[in-house]
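Source file input18.pdb; content: PDB, C-alpha atoms and all ligand atoms.
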```pdb
ATOM      1  CA  MET A   1      71.709 116.483 -42.694  1.00  0.00           C
ATOM      2  CA  VAL A   2      70.054 116.027 -39.312  1.00  0.00           C
ATOM      3  CA  LYS A   3      71.187 112.813 -37.692  1.00  0.00           C
ATOM      4  CA  ASP A   4      68.445 110.208 -37.338  1.00  0.00           C
ATOM      5  CA  ALA A   5      65.970 112.458 -39.106  1.00  0.00           C
ATOM      6  CA  PHE A   6      64.116 109.528 -40.657  1.00  0.00           C
ATOM      7  CA  ARG A   7      62.565 106.255 -39.559  1.00  0.00           C
ATOM      8  CA  CYS A   8      62.691 102.790 -41.009  1.00  0.00           C
ATOM      9  CA  VAL A   9      59.188 102.031 -42.274  1.00  0.00           C
ATOM     10  CA  GLU A  10      59.567  98.360 -41.338  1.00  0.00           C
ATOM     11  CA  CYS A  11      60.877  98.495 -37.777  1.00  0.00           C
ATOM     12  CA  SER A  12      60.612 102.215 -36.880  1.00  0.00           C
ATOM     13  CA  GLU A  13      64.335 102.400 -36.098  1.00  0.00           C
ATOM     14  CA  LYS A  14      65.938 105.818 -36.618  1.00  0.00           C
ATOM     15  CA  ALA A  15      67.950 106.387 -39.800  1.00  0.00           C
ATOM     16  CA  ALA A  16      70.171 109.206 -41.011  1.00  0.00           C
ATOM     17  CA  GLU A  17      69.181 108.982 -44.679  1.00  0.00           C
ATOM     18  CA  LEU A  18      66.757 107.292 -47.015  1.00  0.00           C
ATOM     19  CA  HIS A  19      69.136 106.956 -49.963  1.00  0.00           C
ATOM     20  CA  ARG A  20      72.733 107.675 -50.839  1.00  0.00           C
ATOM     21  CA  ASP A  21      73.842 109.528 -53.943  1.00  0.00           C
ATOM     22  CA  TYR A  22      76.968 107.973 -55.492  1.00  0.00           C
ATOM     23  CA  LYS A  23      77.116 110.634 -58.227  1.00  0.00           C
ATOM     24  CA  ASN A  24      76.792 109.966 -61.962  1.00  0.00           C
ATOM     25  CA  GLY A  25      73.089 109.317 -61.436  1.00  0.00           C
ATOM     26  CA  ILE A  26      73.639 106.343 -59.156  1.00  0.00           C
ATOM     27  CA  LEU A  27      71.320 106.306 -56.166  1.00  0.00           C
ATOM     28  CA  LYS A  28      71.123 103.498 -53.666  1.00  0.00           C
ATOM     29  CA  ILE A  29      68.368 102.972 -51.112  1.00  0.00           C
ATOM     30  CA  THR A  30      69.711 102.850 -47.567  1.00  0.00           C
ATOM     31  CA  ILE A  31      69.383  99.512 -45.794  1.00  0.00           C
ATOM     32  CA  CYS A  32      68.222  99.560 -42.173  1.00  0.00           C
ATOM     33  CA  GLU A  33      70.921  98.405 -39.745  1.00  0.00           C
ATOM     34  CA  SER A  34      68.294  96.883 -37.484  1.00  0.00           C
ATOM     35  CA  CYS A  35      66.062  94.834 -39.786  1.00  0.00           C
ATOM     36  CA  GLN A  36      68.274  94.695 -42.914  1.00  0.00           C
ATOM     37  CA  LYS A  37      65.425  95.912 -45.118  1.00  0.00           C
ATOM     38  CA  PRO A  38      65.223  99.145 -47.143  1.00  0.00           C
ATOM     39  CA  VAL A  39      64.694 102.058 -44.741  1.00  0.00           C
ATOM     40  CA  ASP A  40      61.891 103.477 -46.874  1.00  0.00           C
ATOM     41  CA  LYS A  41      60.784 101.488 -49.912  1.00  0.00           C
ATOM     42  CA  TYR A  42      58.056 104.067 -50.583  1.00  0.00           C
ATOM     43  CA  ILE A  43      60.492 106.670 -51.929  1.00  0.00           C
ATOM     44  CA  GLU A  44      60.421 104.635 -55.163  1.00  0.00           C
ATOM     45  CA  TYR A  45      56.661 104.156 -55.180  1.00  0.00           C
ATOM     46  CA  ASP A  46      54.020 106.091 -57.002  1.00  0.00           C
ATOM     47  CA  PRO A  47      51.961 108.387 -54.717  1.00  0.00           C
ATOM     48  CA  VAL A  48      48.805 106.467 -55.683  1.00  0.00           C
ATOM     49  CA  ILE A  49      50.318 103.228 -54.307  1.00  0.00           C
ATOM     50  CA  ILE A  50      51.244 105.060 -51.103  1.00  0.00           C
ATOM     51  CA  LEU A  51      47.700 106.417 -50.821  1.00  0.00           C
ATOM     52  CA  ILE A  52      46.204 102.946 -51.330  1.00  0.00           C
ATOM     53  CA  ASP A  53      48.479 101.519 -48.635  1.00  0.00           C
ATOM     54  CA  ALA A  54      47.498 104.405 -46.331  1.00  0.00           C
ATOM     55  CA  ILE A  55      43.805 103.696 -46.988  1.00  0.00           C
ATOM     56  CA  LEU A  56      44.523 100.062 -46.082  1.00  0.00           C
ATOM     57  CA  CYS A  57      46.030 101.438 -42.837  1.00  0.00           C
ATOM     58  CA  LYS A  58      49.437  99.817 -43.397  1.00  0.00           C
ATOM     59  CA  THR A  59      51.880 100.913 -40.721  1.00  0.00           C
ATOM     60  CA  GLN A  60      54.701 101.169 -43.285  1.00  0.00           C
ATOM     61  CA  ALA A  61      52.765 103.719 -45.329  1.00  0.00           C
ATOM     62  CA  PHE A  62      51.891 105.685 -42.187  1.00  0.00           C
ATOM     63  CA  ARG A  63      55.548 105.728 -41.110  1.00  0.00           C
ATOM     64  CA  HIS A  64      56.589 106.943 -44.554  1.00  0.00           C
ATOM     65  CA  ILE A  65      54.068 109.797 -44.523  1.00  0.00           C
ATOM     66  CA  LEU A  66      54.471 110.832 -40.889  1.00  0.00           C
ATOM     67  CA  PHE A  67      58.226 110.442 -40.451  1.00  0.00           C
ATOM     68  CA  ASN A  68      59.911 110.539 -43.846  1.00  0.00           C
ATOM     69  CA  THR A  69      58.004 113.257 -45.678  1.00  0.00           C
ATOM     70  CA  SER A  70      57.561 116.932 -44.951  1.00  0.00           C
ATOM     71  CA  LEU A  71      53.891 116.876 -45.882  1.00  0.00           C
ATOM     72  CA  ASN A  72      52.683 120.095 -44.357  1.00  0.00           C
ATOM     73  CA  ILE A  73      49.047 120.306 -45.420  1.00  0.00           C
ATOM     74  CA  HIS A  74      47.470 119.257 -42.138  1.00  0.00           C
ATOM     75  CA  TRP A  75      46.049 122.715 -41.307  1.00  0.00           C
ATOM     76  CA  LYS A  76      44.616 123.240 -44.765  1.00  0.00           C
ATOM     77  CA  LEU A  77      43.201 119.718 -44.740  1.00  0.00           C
ATOM     78  CA  CYS A  78      41.739 120.306 -41.290  1.00  0.00           C
ATOM     79  CA  VAL A  79      39.985 123.555 -42.287  1.00  0.00           C
ATOM     80  CA  PHE A  80      38.706 122.006 -45.526  1.00  0.00           C
ATOM     81  CA  CYS A  81      37.277 118.980 -43.709  1.00  0.00           C
ATOM     82  CA  LEU A  82      35.707 121.189 -41.033  1.00  0.00           C
ATOM     83  CA  LEU A  83      34.045 123.332 -43.714  1.00  0.00           C
ATOM     84  CA  CYS A  84      32.675 120.229 -45.459  1.00  0.00           C
ATOM     85  CA  GLU A  85      31.324 118.739 -42.234  1.00  0.00           C
ATOM     86  CA  ALA A  86      29.853 122.058 -41.126  1.00  0.00           C
ATOM     87  CA  TYR A  87      28.179 122.541 -44.500  1.00  0.00           C
ATOM     88  CA  LEU A  88      26.747 119.012 -44.435  1.00  0.00           C
ATOM     89  CA  ARG A  89      25.258 119.472 -40.977  1.00  0.00           C
ATOM     90  CA  TRP A  90      24.027 122.955 -41.807  1.00  0.00           C
ATOM     91  CA  SER A  91      22.360 121.798 -45.023  1.00  0.00           C
ATOM     92  CA  VAL A  92      20.667 118.864 -43.222  1.00  0.00           C
ATOM     93  CA  LEU A  93      19.424 121.295 -40.562  1.00  0.00           C
ATOM     94  CA  HIS A  94      18.338 123.709 -43.255  1.00  0.00           C
ATOM     95  CA  GLY A  95      16.488 120.989 -45.201  1.00  0.00           C
ATOM     96  CA  ALA A  96      14.749 119.634 -42.112  1.00  0.00           C
ATOM     97  CA  ARG A  97      13.374 123.041 -41.308  1.00  0.00           C
ATOM     98  CA  ARG A  98      12.380 124.156 -44.743  1.00  0.00           C
ATOM     99  CA  SER A  99       9.328 126.331 -44.530  1.00  0.00           C
ATOM    100  CA  SER A 100       7.439 128.502 -46.933  1.00  0.00           C
ATOM    101  CA  HIS A 101       6.912 131.217 -44.403  1.00  0.00           C
ATOM    102  CA  PRO A 102       8.854 134.357 -45.494  1.00  0.00           C
ATOM    103  CA  ALA A 103      10.124 134.992 -41.989  1.00  0.00           C
ATOM    104  CA  ASP A 104      11.491 131.440 -41.812  1.00  0.00           C
ATOM    105  CA  ILE A 105      13.224 131.730 -45.176  1.00  0.00           C
ATOM    106  CA  ILE A 106      15.007 134.845 -43.996  1.00  0.00           C
ATOM    107  CA  ARG A 107      15.887 133.235 -40.731  1.00  0.00           C
ATOM    108  CA  TYR A 108      17.278 130.042 -42.239  1.00  0.00           C
ATOM    109  CA  THR A 109      19.460 131.852 -44.701  1.00  0.00           C
ATOM    110  CA  ARG A 110      21.287 133.604 -41.938  1.00  0.00           C
ATOM    111  CA  GLU A 111      24.980 133.041 -42.209  1.00  0.00           C
ATOM    112  CA  TRP A 112      25.538 132.807 -38.514  1.00  0.00           C
ATOM    113  CA  GLU A 113      23.906 129.381 -38.497  1.00  0.00           C
ATOM    114  CA  PHE A 114      26.659 128.084 -40.727  1.00  0.00           C
ATOM    115  CA  TYR A 115      29.350 129.821 -38.703  1.00  0.00           C
ATOM    116  CA  SER A 116      28.005 128.477 -35.438  1.00  0.00           C
ATOM    117  CA  THR A 117      27.835 124.968 -36.929  1.00  0.00           C
ATOM    118  CA  PHE A 118      31.450 125.395 -38.037  1.00  0.00           C
ATOM    119  CA  GLY A 119      32.323 126.493 -34.491  1.00  0.00           C
ATOM    120  CA  VAL A 120      30.651 123.411 -33.006  1.00  0.00           C
ATOM    121  CA  VAL A 121      32.441 121.079 -35.429  1.00  0.00           C
ATOM    122  CA  ALA A 122      35.784 122.769 -34.657  1.00  0.00           C
ATOM    123  CA  LEU A 123      35.077 122.503 -30.935  1.00  0.00           C
ATOM    124  CA  GLU A 124      34.348 118.785 -31.301  1.00  0.00           C
ATOM    125  CA  LEU A 125      37.627 118.254 -33.147  1.00  0.00           C
ATOM    126  CA  ALA A 126      39.493 120.226 -30.471  1.00  0.00           C
ATOM    127  CA  ALA A 127      37.873 118.086 -27.763  1.00  0.00           C
ATOM    128  CA  PHE A 128      38.810 114.884 -29.595  1.00  0.00           C
ATOM    129  CA  CYS A 129      42.441 115.866 -30.220  1.00  0.00           C
ATOM    130  CA  GLY A 130      42.901 117.519 -26.817  1.00  0.00           C
ATOM    131  CA  THR A 131      41.576 114.506 -24.880  1.00  0.00           C
ATOM    132  CA  ALA A 132      43.532 111.945 -26.914  1.00  0.00           C
ATOM    133  CA  LEU A 133      46.771 113.971 -26.618  1.00  0.00           C
ATOM    134  CA  CYS A 134      46.313 114.595 -22.883  1.00  0.00           C
ATOM    135  CA  PHE A 135      45.634 110.923 -22.227  1.00  0.00           C
ATOM    136  CA  LEU A 136      48.685 109.805 -24.218  1.00  0.00           C
ATOM    137  CA  TRP A 137      50.946 112.424 -22.655  1.00  0.00           C
ATOM    138  CA  ILE A 138      49.857 111.468 -19.118  1.00  0.00           C
ATOM    139  CA  TRP A 139      50.117 107.768 -19.922  1.00  0.00           C
ATOM    140  CA  VAL A 140      53.661 108.018 -21.255  1.00  0.00           C
ATOM    141  CA  GLN A 141      54.697 110.178 -18.287  1.00  0.00           C
ATOM    142  CA  VAL A 142      53.318 107.582 -15.873  1.00  0.00           C
ATOM    143  CA  GLN A 143      55.037 104.808 -17.813  1.00  0.00           C
ATOM    144  CA  GLY A 144      58.315 106.733 -17.696  1.00  0.00           C
ATOM    145  CA  VAL A 145      58.070 107.324 -13.933  1.00  0.00           C
ATOM    146  CA  ARG A 146      57.115 103.742 -13.133  1.00  0.00           C
ATOM    147  CA  GLY A 147      59.666 102.345 -15.548  1.00  0.00           C
ATOM    148  CA  VAL A 148      57.266  99.750 -16.849  1.00  0.00           C
ATOM    149  CA  GLN A 149      56.245  99.309 -20.443  1.00  0.00           C
ATOM    150  CA  VAL A 150      53.013  97.386 -20.238  1.00  0.00           C
ATOM    151  CA  TRP A 151      51.368  98.737 -23.346  1.00  0.00           C
ATOM    152  CA  VAL A 152      54.375 100.094 -25.151  1.00  0.00           C
ATOM    153  CA  ARG A 153      56.434  97.732 -27.230  1.00  0.00           C
ATOM    154  CA  GLY A 154      59.905  98.443 -28.535  1.00  0.00           C
ATOM    155  CA  PRO A 155      63.178  99.159 -26.758  1.00  0.00           C
ATOM    156  CA  GLU A 156      62.125 102.406 -25.108  1.00  0.00           C
ATOM    157  CA  VAL A 157      59.125 104.435 -24.006  1.00  0.00           C
ATOM    158  CA  ARG A 158      59.150 107.060 -26.707  1.00  0.00           C
ATOM    159  CA  PRO A 159      58.564 110.572 -25.319  1.00  0.00           C
ATOM    160  CA  VAL A 160      55.419 112.171 -26.674  1.00  0.00           C
ATOM    161  CA  ASP A 161      56.124 114.822 -29.271  1.00  0.00           C
ATOM    162  CA  VAL A 162      52.769 116.586 -28.966  1.00  0.00           C
ATOM    163  CA  GLY A 163      53.304 118.602 -32.158  1.00  0.00           C
ATOM    164  CA  LEU A 164      54.093 115.496 -34.193  1.00  0.00           C
ATOM    165  CA  LEU A 165      51.187 113.603 -32.673  1.00  0.00           C
ATOM    166  CA  PHE A 166      48.805 116.477 -33.370  1.00  0.00           C
ATOM    167  CA  ARG A 167      49.981 116.651 -36.986  1.00  0.00           C
ATOM    168  CA  ALA A 168      49.496 112.881 -37.250  1.00  0.00           C
ATOM    169  CA  LEU A 169      45.934 113.131 -35.911  1.00  0.00           C
ATOM    170  CA  LEU A 170      45.023 115.885 -38.370  1.00  0.00           C
ATOM    171  CA  LEU A 171      46.672 114.185 -41.349  1.00  0.00           C
ATOM    172  CA  SER A 172      45.107 110.827 -40.518  1.00  0.00           C
ATOM    173  CA  SER A 173      41.694 112.490 -40.584  1.00  0.00           C
ATOM    174  CA  TYR A 174      42.041 112.766 -44.369  1.00  0.00           C
ATOM    175  CA  GLY A 175      39.105 110.360 -44.683  1.00  0.00           C
ATOM    176  CA  LYS A 176      36.794 113.287 -43.941  1.00  0.00           C
ATOM    177  CA  VAL A 177      37.439 114.386 -47.525  1.00  0.00           C
ATOM    178  CA  LEU A 178      34.901 111.663 -48.348  1.00  0.00           C
ATOM    179  CA  LEU A 179      32.324 114.115 -47.012  1.00  0.00           C
ATOM    180  CA  VAL A 180      32.649 116.012 -50.292  1.00  0.00           C
ATOM    181  CA  PRO A 181      30.611 113.450 -52.297  1.00  0.00           C
ATOM    182  CA  ALA A 182      28.088 113.386 -49.456  1.00  0.00           C
ATOM    183  CA  VAL A 183      27.828 117.168 -49.751  1.00  0.00           C
ATOM    184  CA  ILE A 184      27.528 117.083 -53.540  1.00  0.00           C
ATOM    185  CA  TRP A 185      25.019 114.231 -53.752  1.00  0.00           C
ATOM    186  CA  GLU A 186      22.012 113.457 -51.613  1.00  0.00           C
ATOM    187  CA  HIS A 187      21.692 113.787 -47.863  1.00  0.00           C
ATOM    188  CA  ASP A 188      19.164 110.971 -47.461  1.00  0.00           C
ATOM    189  CA  TYR A 189      21.823 108.463 -46.526  1.00  0.00           C
ATOM    190  CA  SER A 190      24.113 110.892 -44.773  1.00  0.00           C
ATOM    191  CA  PRO A 191      23.774 109.225 -41.329  1.00  0.00           C
ATOM    192  CA  LEU A 192      25.089 105.961 -42.793  1.00  0.00           C
ATOM    193  CA  CYS A 193      27.761 107.810 -44.792  1.00  0.00           C
ATOM    194  CA  LEU A 194      28.859 109.835 -41.806  1.00  0.00           C
ATOM    195  CA  GLY A 195      28.998 106.702 -39.662  1.00  0.00           C
ATOM    196  CA  LEU A 196      31.211 104.821 -42.109  1.00  0.00           C
ATOM    197  CA  ILE A 197      33.449 107.847 -42.670  1.00  0.00           C
ATOM    198  CA  LYS A 198      33.731 108.309 -38.911  1.00  0.00           C
ATOM    199  CA  LEU A 199      34.738 104.676 -38.436  1.00  0.00           C
ATOM    200  CA  PHE A 200      37.399 104.962 -41.147  1.00  0.00           C
ATOM    201  CA  VAL A 201      38.774 108.221 -39.711  1.00  0.00           C
ATOM    202  CA  LEU A 202      38.948 106.760 -36.186  1.00  0.00           C
ATOM    203  CA  THR A 203      40.766 103.680 -37.497  1.00  0.00           C
ATOM    204  CA  SER A 204      43.281 105.924 -39.268  1.00  0.00           C
ATOM    205  CA  ASN A 205      43.678 108.059 -36.137  1.00  0.00           C
ATOM    206  CA  SER A 206      44.366 104.969 -34.079  1.00  0.00           C
ATOM    207  CA  GLN A 207      46.941 103.708 -36.572  1.00  0.00           C
ATOM    208  CA  ALA A 208      48.661 107.124 -36.663  1.00  0.00           C
ATOM    209  CA  ILE A 209      48.967 107.178 -32.852  1.00  0.00           C
ATOM    210  CA  ARG A 210      50.317 103.623 -32.920  1.00  0.00           C
ATOM    211  CA  VAL A 211      52.947 104.568 -35.486  1.00  0.00           C
ATOM    212  CA  ILE A 212      54.071 107.765 -33.761  1.00  0.00           C
ATOM    213  CA  LEU A 213      54.406 106.220 -30.297  1.00  0.00           C
ATOM    214  CA  ASN A 214      55.308 102.717 -31.459  1.00  0.00           C
ATOM    215  CA  CYS A 215      52.722 101.548 -28.975  1.00  0.00           C
ATOM    216  CA  SER A 216      50.210  98.739 -28.867  1.00  0.00           C
ATOM    217  CA  ARG A 217      46.876  98.821 -30.636  1.00  0.00           C
ATOM    218  CA  ARG A 218      45.117  98.748 -27.271  1.00  0.00           C
ATOM    219  CA  LEU A 219      46.661 102.028 -26.131  1.00  0.00           C
ATOM    220  CA  SER A 220      45.918 103.837 -29.390  1.00  0.00           C
ATOM    221  CA  LEU A 221      42.336 102.552 -29.445  1.00  0.00           C
ATOM    222  CA  THR A 222      41.844 103.669 -25.842  1.00  0.00           C
ATOM    223  CA  ALA A 223      43.094 107.170 -26.712  1.00  0.00           C
ATOM    224  CA  VAL A 224      40.779 107.328 -29.732  1.00  0.00           C
ATOM    225  CA  CYS A 225      37.787 106.082 -27.707  1.00  0.00           C
ATOM    226  CA  LEU A 226      38.401 108.682 -24.996  1.00  0.00           C
ATOM    227  CA  GLY A 227      38.707 111.363 -27.667  1.00  0.00           C
ATOM    228  CA  LEU A 228      35.446 110.184 -29.205  1.00  0.00           C
ATOM    229  CA  LEU A 229      33.772 110.269 -25.788  1.00  0.00           C
ATOM    230  CA  ALA A 230      34.908 113.875 -25.238  1.00  0.00           C
ATOM    231  CA  GLU A 231      33.770 114.804 -28.750  1.00  0.00           C
ATOM    232  CA  THR A 232      30.332 113.269 -28.117  1.00  0.00           C
ATOM    233  CA  CYS A 233      30.031 115.106 -24.790  1.00  0.00           C
ATOM    234  CA  VAL A 234      30.858 118.435 -26.469  1.00  0.00           C
ATOM    235  CA  SER A 235      28.344 117.659 -29.222  1.00  0.00           C
ATOM    236  CA  ARG A 236      25.598 116.883 -26.689  1.00  0.00           C
ATOM    237  CA  VAL A 237      26.339 120.026 -24.666  1.00  0.00           C
ATOM    238  CA  CYS A 238      26.174 122.152 -27.823  1.00  0.00           C
ATOM    239  CA  GLU A 239      22.847 120.570 -28.764  1.00  0.00           C
ATOM    240  CA  LYS A 240      21.490 121.589 -25.371  1.00  0.00           C
ATOM    241  CA  LEU A 241      22.373 125.226 -25.980  1.00  0.00           C
ATOM    242  CA  PRO A 242      19.332 126.391 -27.945  1.00  0.00           C
ATOM    243  CA  TRP A 243      20.787 129.703 -28.995  1.00  0.00           C
ATOM    244  CA  ILE A 244      23.570 128.076 -31.002  1.00  0.00           C
ATOM    245  CA  LEU A 245      21.656 126.378 -33.777  1.00  0.00           C
ATOM    246  CA  GLN A 246      17.984 126.569 -33.101  1.00  0.00           C
ATOM    247  CA  GLU A 247      16.705 129.848 -31.818  1.00  0.00           C
ATOM    248  CA  GLY A 248      19.452 132.244 -32.751  1.00  0.00           C
ATOM    249  CA  PRO A 249      21.407 134.448 -30.377  1.00  0.00           C
ATOM    250  CA  PRO A 250      19.530 135.824 -27.365  1.00  0.00           C
ATOM    251  CA  PRO A 251      18.042 139.271 -28.008  1.00  0.00           C
TER     252      PRO A 251
HETATM  253 ZN    ZN B 301      64.364  98.559 -40.020  1.00  0.00          ZN
END
```
Translate the structure of the given file into structure tokens.
Ligand SMILES: [Zn+2]
Amino acid sequence: MVKDAFRCVECSEKAAELHRDYKNGILKITICESCQKPVDKYIEYDPVIILIDAILCKTQAFRHILFNTSLNIHWKLCVFCLLCEAYLRWSVLHGARRSSHPADIIRYTREWEFYSTFGVVALELAAFCGTALCFLWIWVQVQGVRGVQVWVRGPEVRPVDVGLLFRALLLSSYGKVLLVPAVIWEHDYSPLCLGLIKLFVLTSNSQAIRVILNCSRRLSLTAVCLGLLAETCVSRVCEKLPWILQEGPPP
């Protein structure tokens, strides 16, 4: 077993194991040496309870999922959410431009519109994750050089594991699955739906960053806000490029 492969869900201290097997069917949950509480109480819990706690943005549930499980669905989840978001935007665009003219019908059924929308959505996600990760990486480097820990609590400035942080950002965007009902049902209230879903996803993203780096809420919120700013900039730039979604590729 890898030493210190797990984390205590209560205090984020490293732990070598979550439970110990005493044979004859006797298992005992490991107690954290730092806080004297079970290292990971969630190993006994039903997945639904864990999901509810994750929806409530509890740090313990986030630590369990991000540190103590090998949940490896972040890429599939990411592609699924991107497809849903792209379809929603594409269908809204399609509906807004519905026309009875035969030429328009042919034009609007072109697949490239969907693919380009998917590309824009993927680009926005890349901008969000890239900016947030860059900011956090630079911030932790600066903190390490200066030796001060203004916004980072805990005994040490934890080095940024970019891979782990990226996985956390993608996994914590699971709220985008809520786009599925918005896709299935009406689009009339999609701006409100999208806004609420966005707020929930950003809150989860912020909590995931906070858990991974053991940092303050202020730092994680700043990273998320910068990511959102970059995402909005990319979105605006793409809107200004008429050949992407409006007029088709240049002849
Ligand atoms: Zn502990």
If you count all atoms listed in the file, which residues end up within 9 Å of ligand ZN 301 (chain B), as a CSV table (one decimal) with C-alpha atoms, in the frame of the given file?
```csv
chain,number,residue,atom,x,y,z
A,7,ARG,CA,62.6,106.3,-39.6
A,8,CYS,CA,62.7,102.8,-41.0
A,9,VAL,CA,59.2,102.0,-42.3
A,10,GLU,CA,59.6,98.4,-41.3
A,11,CYS,CA,60.9,98.5,-37.8
A,12,SER,CA,60.6,102.2,-36.9
A,13,GLU,CA,64.3,102.4,-36.1
A,14,LYS,CA,65.9,105.8,-36.6
A,15,ALA,CA,68.0,106.4,-39.8
A,31,ILE,CA,69.4,99.5,-45.8
A,32,CYS,CA,68.2,99.6,-42.2
A,33,GLU,CA,70.9,98.4,-39.7
A,34,SER,CA,68.3,96.9,-37.5
A,35,CYS,CA,66.1,94.8,-39.8
A,36,GLN,CA,68.3,94.7,-42.9
A,37,LYS,CA,65.4,95.9,-45.1
A,38,PRO,CA,65.2,99.1,-47.1
A,39,VAL,CA,64.7,102.1,-44.7
A,40,ASP,CA,61.9,103.5,-46.9
```
- Query: Rounded to one decimal in Å, what is the spacing between CA of Trp185 (chain A) and CA of Leu123 (chain A)?
  - Reply: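 For CA of Trp185 (chain A) relative to CA of Leu123 (chain A), the distance reads 26.3 Å.
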- Task: Dig up all the protein and nucleic acid residues within 7 Å of (49.1, 105.7, -24.2) in the file frame, using all atoms listed in the file, and format them as a VMD selection string.
- Result: chain A and resid 135 to 136 139 to 140 219 to 220 223
- Item | Given the PyMOL selection byres (((chain A and resi 125) around 10) and not hetatm), the residues it picks as a count of residues only | 20
- Item | Nearest to Leu221 (chain A) by atom-to-atom distance, counting all atoms listed in the file, from A:Ile197, A:Ile73, A:Cys238, A:Ala132 | A:Ala132
- Query: What is the CA of Leu88 (chain A) to CA of Leu169 (chain A) distance in Å?
  - Reply: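 Pair CA of Leu88 (chain A) / CA of Leu169 (chain A) returns 21.8 Å.
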- Item | Atom pair CA of Ser204 (chain A) / CA of Gln60 (chain A): separation (Å) |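 Separation of CA of Ser204 (chain A) and CA of Gln60 (chain A): 13.0 Å.
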For this structure, which residues satisfy the selection - the PyMOL selection byres (((chain A and resi 59) around 9) and not hetatm) - when it is evaluated on the file as given? I want them as an mmCIF file with C-alpha atoms, in the coordinates of the input.
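Generated file (result-v8.cif):
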```
data_model
loop_
_atom_site.group_PDB
_atom_site.id
_atom_site.type_symbol
_atom_site.label_atom_id
_atom_site.label_comp_id
_atom_site.auth_asym_id
_atom_site.auth_seq_id
_atom_site.Cartn_x
_atom_site.Cartn_y
_atom_site.Cartn_z
ATOM 1 C CA VAL A 9 59.188 102.031 -42.274
ATOM 2 C CA GLU A 10 59.567 98.360 -41.338
ATOM 3 C CA ASP A 53 48.479 101.519 -48.635
ATOM 4 C CA ALA A 54 47.498 104.405 -46.331
ATOM 5 C CA CYS A 57 46.030 101.438 -42.837
ATOM 6 C CA LYS A 58 49.437 99.817 -43.397
ATOM 7 C CA GLN A 60 54.701 101.169 -43.285
ATOM 8 C CA ALA A 61 52.765 103.719 -45.329
ATOM 9 C CA PHE A 62 51.891 105.685 -42.187
ATOM 10 C CA ARG A 63 55.548 105.728 -41.110
ATOM 11 C CA HIS A 64 56.589 106.943 -44.554
ATOM 12 C CA GLN A 207 46.941 103.708 -36.572
ATOM 13 C CA ALA A 208 48.661 107.124 -36.663
ATOM 14 C CA ARG A 210 50.317 103.623 -32.920
ATOM 15 C CA VAL A 211 52.947 104.568 -35.486
#
```
- Counting all atoms listed in the file, which residues come within 12 Å of (37.2, 122.3, -49.0), with the point read in the file's coordinates, and could you list them as a VMD selection string? chain A and resid 75 to 88 174 176 to 181 183 to 184
Those selected residues, please, written with C-alpha atoms and delivered as a short mmCIF file (atom, residue, chain, number, x, y, z; two decimals), in the coordinates of the input.
```
data_model
loop_
_atom_site.label_atom_id
_atom_site.label_comp_id
_atom_site.auth_asym_id
_atom_site.auth_seq_id
_atom_site.Cartn_x
_atom_site.Cartn_y
_atom_site.Cartn_z
CA TRP A 75 46.05 122.72 -41.31
CA LYS A 76 44.62 123.24 -44.76
CA LEU A 77 43.20 119.72 -44.74
CA CYS A 78 41.74 120.31 -41.29
CA VAL A 79 39.98 123.56 -42.29
CA PHE A 80 38.71 122.01 -45.53
CA CYS A 81 37.28 118.98 -43.71
CA LEU A 82 35.71 121.19 -41.03
CA LEU A 83 34.04 123.33 -43.71
CA CYS A 84 32.67 120.23 -45.46
CA GLU A 85 31.32 118.74 -42.23
CA ALA A 86 29.85 122.06 -41.13
CA TYR A 87 28.18 122.54 -44.50
CA LEU A 88 26.75 119.01 -44.44
CA TYR A 174 42.04 112.77 -44.37
CA LYS A 176 36.79 113.29 -43.94
CA VAL A 177 37.44 114.39 -47.52
CA LEU A 178 34.90 111.66 -48.35
CA LEU A 179 32.32 114.12 -47.01
CA VAL A 180 32.65 116.01 -50.29
CA PRO A 181 30.61 113.45 -52.30
CA VAL A 183 27.83 117.17 -49.75
CA ILE A 184 27.53 117.08 -53.54
#
```
- Task: Name the residues in contact with Leu71 (chain A) at a cut-off of 10 Å, using all atoms listed in the file, excluding same-chain residues fewer than 6 positions from it; report them as a list in words.
- Result: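 Contacts, with the query itself left out: Ile65, Arg167 and Leu171 of chain A.
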- Query: Which one is closest to Gly163 (chain A): A:Ser91, A:Asp21, A:His74, A:Ile50? Count all atoms listed in the file.
  - Reply: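 Nearest candidate to Gly163 (chain A) out of A:Ser91, A:Asp21, A:His74, A:Ile50: A:His74.
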- Message: From the options A:Lys240, A:Arg89, A:His19, A:Arg217, which residue's atoms come nearest to Thr203 (chain A), counting all atoms listed in the file?
- Response: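 Distance minimum relative to Thr203 (chain A) lands on A:Arg217.
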- Query: With all atoms listed in the file as the basis for distance, which of A:Leu194, A:Ile212, A:Val92, A:Tyr115 is at the shortest distance from Leu66 (chain A)?
  - Reply: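 For Leu66 (chain A), the nearest of the candidates is A:Ile212.
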- In terms of the shortest atom-to-atom distance over only C-alpha atoms, which of A:Thr30, A:Leu199, A:Asp46, A:Ser116 is closest to Cys225 (chain A)? A:Leu199
